[in-house]
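Structure data follow from work.csv (CSV, C-alpha atoms):
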```csv
chain,number,residue,atom,x,y,z
A,1,MET,CA,140.0,218.8,138.7
A,2,ASN,CA,139.3,222.2,140.0
A,3,LYS,CA,140.9,222.3,143.5
A,4,VAL,CA,137.7,223.4,145.1
A,5,TYR,CA,136.4,219.8,144.6
A,6,LEU,CA,139.4,218.2,146.3
A,7,PRO,CA,138.5,216.1,149.3
A,8,LEU,CA,139.3,217.7,152.7
A,9,ALA,CA,138.6,215.8,155.9
A,10,GLY,CA,135.9,213.7,154.2
A,11,ARG,CA,134.1,216.4,152.3
A,12,ARG,CA,135.0,218.5,149.2
A,13,LEU,CA,136.5,221.9,149.8
A,14,VAL,CA,133.4,223.6,148.4
A,15,SER,CA,131.1,221.7,150.7
A,16,TRP,CA,132.8,223.2,153.8
A,17,SER,CA,132.1,226.7,152.6
A,18,LEU,CA,128.5,226.0,151.6
A,19,GLY,CA,127.9,224.4,155.0
A,20,ALA,CA,129.3,227.5,156.8
A,21,PHE,CA,127.1,229.8,154.7
A,22,ALA,CA,124.0,227.6,155.2
A,23,ARG,CA,124.5,228.0,159.0
A,24,VAL,CA,124.1,231.8,158.9
A,25,PRO,CA,120.4,232.5,159.5
A,26,ASP,CA,120.4,235.8,157.4
A,27,ILE,CA,121.7,234.1,154.3
A,28,GLY,CA,118.9,233.4,151.8
A,29,ALA,CA,119.9,232.1,148.4
A,30,LEU,CA,123.1,230.1,148.0
A,31,VAL,CA,124.5,230.2,144.5
A,32,LEU,CA,127.4,228.0,143.4
A,33,VAL,CA,129.2,229.1,140.3
A,34,ALA,CA,130.8,226.2,138.5
A,35,ARG,CA,132.4,225.3,135.2
A,36,PRO,CA,130.1,223.5,132.8
A,37,GLN,CA,132.5,220.6,132.6
A,38,ASP,CA,132.2,220.1,136.4
A,39,GLY,CA,128.4,219.7,136.2
A,40,GLU,CA,128.3,216.1,137.1
A,41,LEU,CA,130.7,216.4,140.0
A,42,VAL,CA,128.8,219.4,141.3
A,43,GLU,CA,125.6,217.4,141.3
A,44,TRP,CA,127.3,214.5,143.1
A,45,VAL,CA,128.8,216.9,145.8
A,46,LEU,CA,125.5,218.7,146.4
A,47,ASP,CA,123.6,215.4,146.7
A,48,ARG,CA,126.1,213.7,149.0
A,49,GLU,CA,127.6,216.4,151.1
A,50,VAL,CA,125.4,219.5,151.3
A,51,ASP,CA,122.5,218.6,153.5
A,52,GLY,CA,119.5,220.8,154.1
A,53,ALA,CA,120.6,223.7,152.0
A,54,GLU,CA,119.1,224.7,148.7
A,55,VAL,CA,122.0,225.5,146.3
A,56,GLU,CA,121.4,227.1,143.0
A,57,VAL,CA,124.0,226.3,140.4
A,58,VAL,CA,125.1,228.8,137.8
A,59,TYR,CA,127.6,228.0,135.1
A,60,GLY,CA,130.5,230.5,134.9
A,61,GLY,CA,132.3,232.3,132.2
A,62,GLU,CA,135.9,232.6,131.0
A,63,THR,CA,137.1,234.8,133.9
A,64,ARG,CA,136.3,235.1,137.6
A,65,GLN,CA,134.6,238.4,136.9
A,66,GLU,CA,132.4,237.1,134.1
A,67,SER,CA,131.4,234.1,136.4
A,68,GLU,CA,130.4,236.5,139.1
A,69,LEU,CA,128.4,238.6,136.7
A,70,ARG,CA,126.5,235.5,135.6
A,71,ALA,CA,125.7,234.8,139.2
A,72,LEU,CA,124.5,238.3,139.7
A,73,ARG,CA,122.4,238.2,136.6
A,74,HIS,CA,120.9,235.0,137.9
A,75,LEU,CA,119.8,236.9,141.0
A,76,ALA,CA,118.8,240.1,139.1
A,77,SER,CA,115.1,239.7,139.5
A,78,ARG,CA,115.4,239.1,143.2
A,79,ILE,CA,117.8,242.1,143.5
A,80,ASP,CA,115.3,244.3,141.6
A,81,ASP,CA,112.4,243.3,143.8
A,82,GLY,CA,114.4,243.6,147.0
A,83,THR,CA,114.3,240.0,148.0
A,84,VAL,CA,118.1,240.0,147.8
A,85,ASP,CA,119.6,243.2,149.4
A,86,THR,CA,123.2,242.1,149.8
A,87,VAL,CA,125.5,239.7,148.0
A,88,LEU,CA,128.5,238.0,149.5
A,89,LEU,CA,131.1,236.6,147.1
A,90,HIS,CA,133.3,233.8,148.4
A,91,ASP,CA,136.2,231.9,147.0
A,92,ALA,CA,135.6,228.2,147.7
A,93,ALA,CA,139.3,227.7,147.9
A,94,ARG,CA,138.9,229.1,151.4
A,95,PRO,CA,137.1,226.2,153.0
A,96,LEU,CA,137.6,227.2,156.6
A,97,VAL,CA,135.5,230.4,156.6
A,98,SER,CA,133.4,230.5,159.7
A,99,PRO,CA,129.7,231.4,160.0
A,100,ALA,CA,130.8,234.1,162.4
A,101,LEU,CA,132.9,235.8,159.8
A,102,ILE,CA,130.2,235.5,157.2
A,103,ALA,CA,127.7,237.1,159.5
A,104,GLY,CA,130.2,239.9,160.3
A,105,VAL,CA,130.8,240.7,156.7
A,106,LEU,CA,127.1,240.6,155.9
A,107,HIS,CA,126.3,242.9,158.9
A,108,SER,CA,129.0,245.4,157.8
A,109,ALA,CA,128.0,245.3,154.1
A,110,ARG,CA,124.4,246.1,155.1
A,111,GLU,CA,125.5,248.9,157.3
A,112,HIS,CA,128.1,250.6,155.2
A,113,GLY,CA,127.5,249.4,151.6
A,114,GLY,CA,130.5,247.2,151.2
A,115,ALA,CA,132.7,245.0,153.4
A,116,ILE,CA,135.7,242.9,152.9
A,117,PRO,CA,137.5,240.7,155.6
A,118,GLY,CA,141.2,241.0,155.9
A,119,LEU,CA,144.1,240.6,158.3
A,120,PRO,CA,146.6,243.4,159.0
A,121,ALA,CA,149.8,242.8,156.9
A,122,GLU,CA,152.4,243.8,159.4
A,123,ASP,CA,155.2,242.2,157.4
A,124,VAL,CA,154.8,244.3,154.3
A,125,VAL,CA,157.6,246.6,153.2
A,126,ALA,CA,157.2,249.2,150.4
A,127,VAL,CA,159.6,249.2,147.5
A,128,GLY,CA,160.9,252.5,146.0
A,129,ASP,CA,160.1,253.8,142.5
A,130,ASP,CA,163.2,252.2,141.1
A,131,GLY,CA,161.8,248.8,142.0
A,132,ALA,CA,165.0,247.7,143.7
A,133,THR,CA,165.6,249.7,146.9
A,134,LEU,CA,163.2,249.9,149.8
A,135,ALA,CA,161.1,253.0,150.1
A,136,GLU,CA,161.9,255.3,153.0
A,137,GLN,CA,158.3,256.0,153.7
A,138,ALA,CA,156.4,253.2,155.2
A,139,PRO,CA,153.0,252.6,153.6
A,140,GLY,CA,149.8,253.2,155.5
A,141,PRO,CA,148.1,250.3,157.2
A,142,ILE,CA,147.6,247.4,154.8
A,143,ILE,CA,145.5,244.4,155.0
A,144,ARG,CA,145.6,241.0,153.3
A,145,ALA,CA,142.1,240.7,151.7
A,146,GLN,CA,140.1,237.6,152.2
A,147,THR,CA,136.7,236.5,151.1
A,148,PRO,CA,133.6,236.6,151.4
A,149,GLN,CA,133.4,240.1,150.1
A,150,GLY,CA,130.0,241.6,150.6
A,151,PHE,CA,128.2,244.5,148.9
A,152,ARG,CA,124.7,246.0,148.5
A,153,ALA,CA,123.2,244.0,145.7
A,154,GLY,CA,121.9,246.8,143.4
A,155,PRO,CA,125.1,248.8,143.2
A,156,LEU,CA,127.1,245.6,142.8
A,157,LEU,CA,125.1,244.4,139.8
A,158,ALA,CA,125.3,247.8,138.3
A,159,ALA,CA,129.1,248.0,138.7
A,160,TYR,CA,129.6,244.6,137.2
A,161,GLU,CA,127.3,245.4,134.2
A,162,GLN,CA,129.3,248.6,133.6
A,163,ALA,CA,132.6,246.8,134.0
A,164,ALA,CA,131.4,244.3,131.3
A,165,ARG,CA,130.4,247.2,129.0
A,166,GLU,CA,133.8,248.9,129.4
A,167,GLU,CA,135.7,245.5,129.3
A,168,PHE,CA,137.3,246.3,132.6
A,169,LEU,CA,138.9,243.2,134.3
A,170,GLY,CA,139.5,243.8,138.1
A,171,THR,CA,141.7,241.7,140.4
A,172,ASP,CA,138.8,241.0,142.8
A,173,THR,CA,135.2,242.1,143.5
A,174,ALA,CA,136.4,245.1,145.6
A,175,SER,CA,138.6,246.5,142.7
A,176,CYS,CA,135.6,246.4,140.4
A,177,MET,CA,133.4,248.2,143.0
A,178,GLU,CA,136.2,250.8,143.6
A,179,ARG,CA,136.2,251.7,139.9
A,180,PHE,CA,132.5,251.7,139.2
A,181,SER,CA,130.8,252.5,142.5
A,182,ALA,CA,130.9,255.2,145.1
A,183,LEU,CA,129.8,252.7,147.8
A,184,PRO,CA,132.1,253.0,150.9
A,185,VAL,CA,133.8,249.7,151.5
A,186,HIS,CA,134.8,248.9,155.1
A,187,TRP,CA,137.1,246.1,156.3
A,188,VAL,CA,136.3,243.7,159.0
A,189,ARG,CA,138.9,241.6,160.8
A,190,GLY,CA,139.4,238.3,159.0
A,191,GLU,CA,140.4,235.0,160.4
A,192,GLN,CA,143.8,233.3,160.3
A,193,GLN,CA,142.2,230.0,159.5
A,194,ASN,CA,140.4,231.5,156.5
A,195,PHE,CA,143.4,231.0,154.3
A,196,LYS,CA,143.4,230.1,150.6
A,197,ILE,CA,144.4,226.6,149.6
A,198,THR,CA,147.3,227.3,147.3
A,199,TYR,CA,150.1,224.8,148.2
A,200,PRO,CA,149.7,221.1,148.9
A,201,HIS,CA,150.7,221.5,152.5
A,202,ASP,CA,147.7,224.0,152.9
A,203,LEU,CA,145.5,220.9,152.6
A,204,VAL,CA,147.4,219.2,155.4
A,205,ILE,CA,147.0,222.3,157.7
A,206,ALA,CA,143.3,222.7,156.8
A,207,GLU,CA,142.8,219.0,157.6
A,208,GLN,CA,144.5,219.4,161.0
A,209,VAL,CA,142.5,222.6,161.8
A,210,LEU,CA,139.3,220.7,161.0
A,211,ALA,CA,140.3,217.7,163.1
A,212,ALA,CA,141.1,219.9,166.0
A,213,ALA,CA,137.8,221.6,165.7
A,214,GLU,CA,136.0,218.3,165.5
A,215,TYR,CA,135.1,218.9,161.9
A,216,GLN,CA,133.2,222.1,162.5
A,217,THR,CA,134.2,225.5,160.9
B,1,MET,CA,138.2,210.5,141.6
B,2,ARG,CA,139.7,207.1,141.2
B,3,VAL,CA,140.5,204.3,143.5
B,4,SER,CA,144.0,203.3,142.5
B,5,SER,CA,146.3,200.5,143.7
B,6,MET,CA,147.0,202.8,146.7
B,7,GLY,CA,144.0,204.5,148.2
B,8,THR,CA,141.9,207.2,146.4
B,9,VAL,CA,143.8,209.4,144.1
B,10,GLU,CA,142.8,212.9,142.9
B,11,TYR,CA,144.6,215.4,140.6
B,12,ALA,CA,144.4,219.2,140.9
B,13,THR,CA,146.5,222.2,140.1
B,14,LEU,CA,148.3,223.5,143.1
B,15,THR,CA,151.5,225.6,143.6
B,16,CYS,CA,154.5,223.4,144.2
B,17,HIS,CA,156.6,224.9,147.0
B,18,ASP,CA,159.7,223.3,145.5
B,19,CYS,CA,159.6,224.2,141.8
B,20,GLY,CA,157.4,227.2,142.5
B,21,GLN,CA,155.1,226.5,139.5
B,22,ASP,CA,151.3,225.9,139.3
B,23,THR,CA,151.4,222.3,138.5
B,24,ARG,CA,149.2,219.2,138.4
B,25,HIS,CA,149.5,217.4,141.7
B,26,GLU,CA,148.6,213.9,142.5
B,27,LEU,CA,147.0,213.6,145.9
B,28,ALA,CA,146.5,210.2,147.6
B,29,TYR,CA,143.9,209.8,150.3
B,30,ALA,CA,143.1,207.1,152.8
B,31,GLY,CA,139.6,207.7,154.1
B,32,ARG,CA,139.4,211.3,155.2
B,33,LEU,CA,143.1,211.8,155.4
B,34,LEU,CA,145.5,213.1,152.8
B,35,VAL,CA,148.5,210.9,152.9
B,36,VAL,CA,150.8,211.7,150.0
B,37,THR,CA,151.0,214.7,147.6
B,38,THR,CA,153.3,214.6,144.5
B,39,CYS,CA,154.1,217.4,142.1
B,40,THR,CA,153.9,215.7,138.7
B,41,ARG,CA,156.4,218.2,137.3
B,42,CYS,CA,159.3,218.0,139.7
B,43,GLY,CA,158.3,215.0,141.7
B,44,ASN,CA,158.4,216.8,145.0
B,45,ARG,CA,156.5,214.7,147.6
B,46,ILE,CA,154.9,215.3,151.0
B,47,GLU,CA,154.5,212.0,152.8
B,48,ARG,CA,152.8,211.9,156.1
B,49,ASP,CA,152.8,209.4,158.9
B,50,VAL,CA,149.1,209.3,159.7
B,51,ARG,CA,148.9,205.7,161.1
B,52,ASP,CA,147.4,206.7,164.5
B,53,ARG,CA,144.9,209.2,163.0
B,54,TYR,CA,144.0,206.7,160.3
B,55,LEU,CA,143.1,204.0,162.8
B,56,ARG,CA,141.0,206.5,164.8
B,57,ASP,CA,139.4,207.8,161.6
B,58,LEU,CA,138.7,204.2,160.4
B,59,ARG,CA,137.0,203.4,163.7
B,60,GLN,CA,134.8,206.5,163.3
B,61,ARG,CA,133.9,205.6,159.7
B,62,LEU,CA,132.9,202.1,160.7
B,63,VAL,CA,130.7,203.4,163.5
B,64,SER,CA,129.0,205.9,161.2
B,65,LYS,CA,128.7,203.6,158.2
B,66,PRO,CA,125.2,202.2,159.0
B,67,SER,CA,123.7,205.7,159.3
B,68,ARG,CA,125.4,206.9,156.2
B,69,MET,CA,124.1,203.8,154.3
B,70,LEU,CA,120.6,204.4,155.6
B,71,ARG,CA,120.7,208.0,154.5
B,72,ARG,CA,121.8,207.1,151.0
B,73,PHE,CA,119.2,204.3,150.8
B,74,ARG,CA,116.4,206.8,151.8
B,75,ARG,CA,117.5,209.4,149.2
B,76,HIS,CA,118.3,207.0,146.3
B,77,PRO,CA,116.8,203.5,147.0
B,78,VAL,CA,117.3,202.2,143.5
B,79,GLY,CA,120.8,203.7,143.0
B,80,PHE,CA,121.8,202.4,146.4
B,81,ALA,CA,120.5,198.9,145.9
B,82,SER,CA,122.0,198.6,142.4
B,83,SER,CA,125.5,199.7,143.6
B,84,LEU,CA,125.5,197.4,146.7
B,85,PRO,CA,126.8,194.2,145.1
B,86,ARG,CA,129.8,196.1,143.5
B,87,THR,CA,130.5,198.1,146.7
B,88,THR,CA,130.4,194.9,148.8
B,89,VAL,CA,133.0,193.3,146.6
B,90,LEU,CA,135.2,196.4,146.3
B,91,LYS,CA,135.1,197.8,149.8
B,92,PRO,CA,137.4,195.3,151.5
B,93,TRP,CA,139.9,195.7,148.6
B,94,GLU,CA,139.8,199.5,149.0
B,95,LEU,CA,140.4,199.1,152.7
B,96,LEU,CA,143.4,197.0,152.1
B,97,GLU,CA,144.8,199.5,149.6
B,98,GLU,CA,144.3,202.3,152.1
B,99,ILE,CA,146.2,200.4,154.8
B,100,ARG,CA,149.0,199.7,152.3
B,101,LEU,CA,149.2,203.4,151.4
B,102,VAL,CA,149.2,204.6,155.0
B,103,TRP,CA,151.9,202.2,156.1
B,104,SER,CA,154.1,202.7,153.0
B,105,ALA,CA,153.9,206.6,153.4
B,106,ALA,CA,154.7,206.3,157.1
B,107,ALA,CA,157.8,204.2,156.3
B,108,ASP,CA,158.9,206.7,153.7
B,109,ALA,CA,158.3,209.6,156.1
B,110,ARG,CA,160.4,207.9,158.8
B,111,ARG,CA,163.1,207.2,156.3
B,112,ALA,CA,163.1,210.9,155.1
B,113,GLU,CA,163.4,212.0,158.7
B,114,ARG,CA,166.4,209.8,159.3
B,115,ASP,CA,168.2,211.0,156.2
```
Same coordinates, now as structure tokens:
Amino acid sequence: MNKVYLPLAGRRLVSWSLGAFARVPDIGALVLVARPQDGELVEWVLDREVDGAEVEVVYGGETRQESELRALRHLASRIDDGTVDTVLLHDAARPLVSPALIAGVLHSAREHGGAIPGLPAEDVVAVGDDGATLAEQAPGPIIRAQTPQGFRAGPLLAAYEQAAREEFLGTDTASCMERFSALPVHWVRGEQQNFKITYPHDLVIAEQVLAAAEYQT
Amino acid sequence: MRVSSMGTVEYATLTCHDCGQDTRHELAYAGRLLVVTTCTRCGNRIERDVRDRYLRDLRQRLVSKPSRMLRRFRRHPVGFASSLPRTTVLKPWELLEEIRLVWSAAADARRAERD
């Protein structure tokens, strides 16, 4: 099973994110990109756990980037006619994203063109060119990127189409935009609790965070 | 999802902090609580003593059960009605298995703390 469908405090991981997005007034269409083999589970989750929000399901491709491109193509007509002006891409493995952070990223992306949330990485040390010793020069400020990453919809779709034509595979949405778009990307302060579920104990921590917040993100 | 002889069990790929690999993990839940995780490659387990939280959670689930059933009935009356006989038979059994899982994990967690 894809980990985004694991239960967390009574709901699936993906339901927590969808719920947070649905509570942001400026969010219009909600698109869930899923693997075709998860279709039945997706239907069950949306029916049982996502109340009052219309979620459009798009089946993804082989890579994250291809899946995102399919979601953007699904929105293409609404991007063209201006109904969708900004797109936020979120990793459902970060179930504790808050509506406040989503609204902050959306606001910043609308204002500047692109926005990603992140936390200052104060414990990062640069390694020298030999790959073994530490570099003398400390790197400039570095952030640990989170999601959702937001961009103006038109340039985002154009960048993804160009990346597909040139067979470029980026590490995340921002890297694709960096390569194929001149849109300035700002960062907004992320949240400690917006961590990615990677290790089993992350589920335990997320469950405790939700219990402490009385099951509200 | 399957209801095993010990609570609800799910499988997903997570990174094991013991063997450091992305491996299939078995995750056993009791109600809303994750009780045991096991790396199927190296066998590394996390067992939690969630007895107090489980009892609080169970009370909350029992209180909210009628409204949840009513909501399901309103949305899918036929599906709800047809699943009712099976659920009525299985629910007490599932509950017993949850309790068994919670108490067994708590005993293991206590034992691990002592060792």
Fill in: Distance-based interface of chain B with chain A, 9 Å, counting only C-alpha atoms, as a ChimeraX atom specification
/B:1,10-17,25,27,29,31-35,37-39,46,72,75
Discussion item. So that I can see what lies close to segment 165-167 of chain A, please list as a PyMOL selection string the residues with an atom at most 12 Å from it, counting all atoms listed in the file and leaving out residues fewer than 2 positions away in the same chain.
Written reply: chain A and resi 63+65-66+69+158-163+169-170+176+179-180
Worksheet entry | Non-local contacts of Arg48 of chain B (7 Å; only C-alpha atoms; under 2 positions in same chain excluded) as a PyMOL selection string | chain B and resi 35-36+46+50+105-106+109
Worksheet item: Please, what distance in Å, to one decimal, runs between atom CA of Ala115 of chain A and atom CA of Pro95 of chain A?
Response: 19.3 Å
Discussion item. What does the structure give for the distance between atom CA of Leu32 of chain A and atom CA of Val57 of chain A, in Å to one decimal?
Written reply: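 For atom CA of Leu32 of chain A relative to atom CA of Val57 of chain A, the distance reads 4.8 Å.
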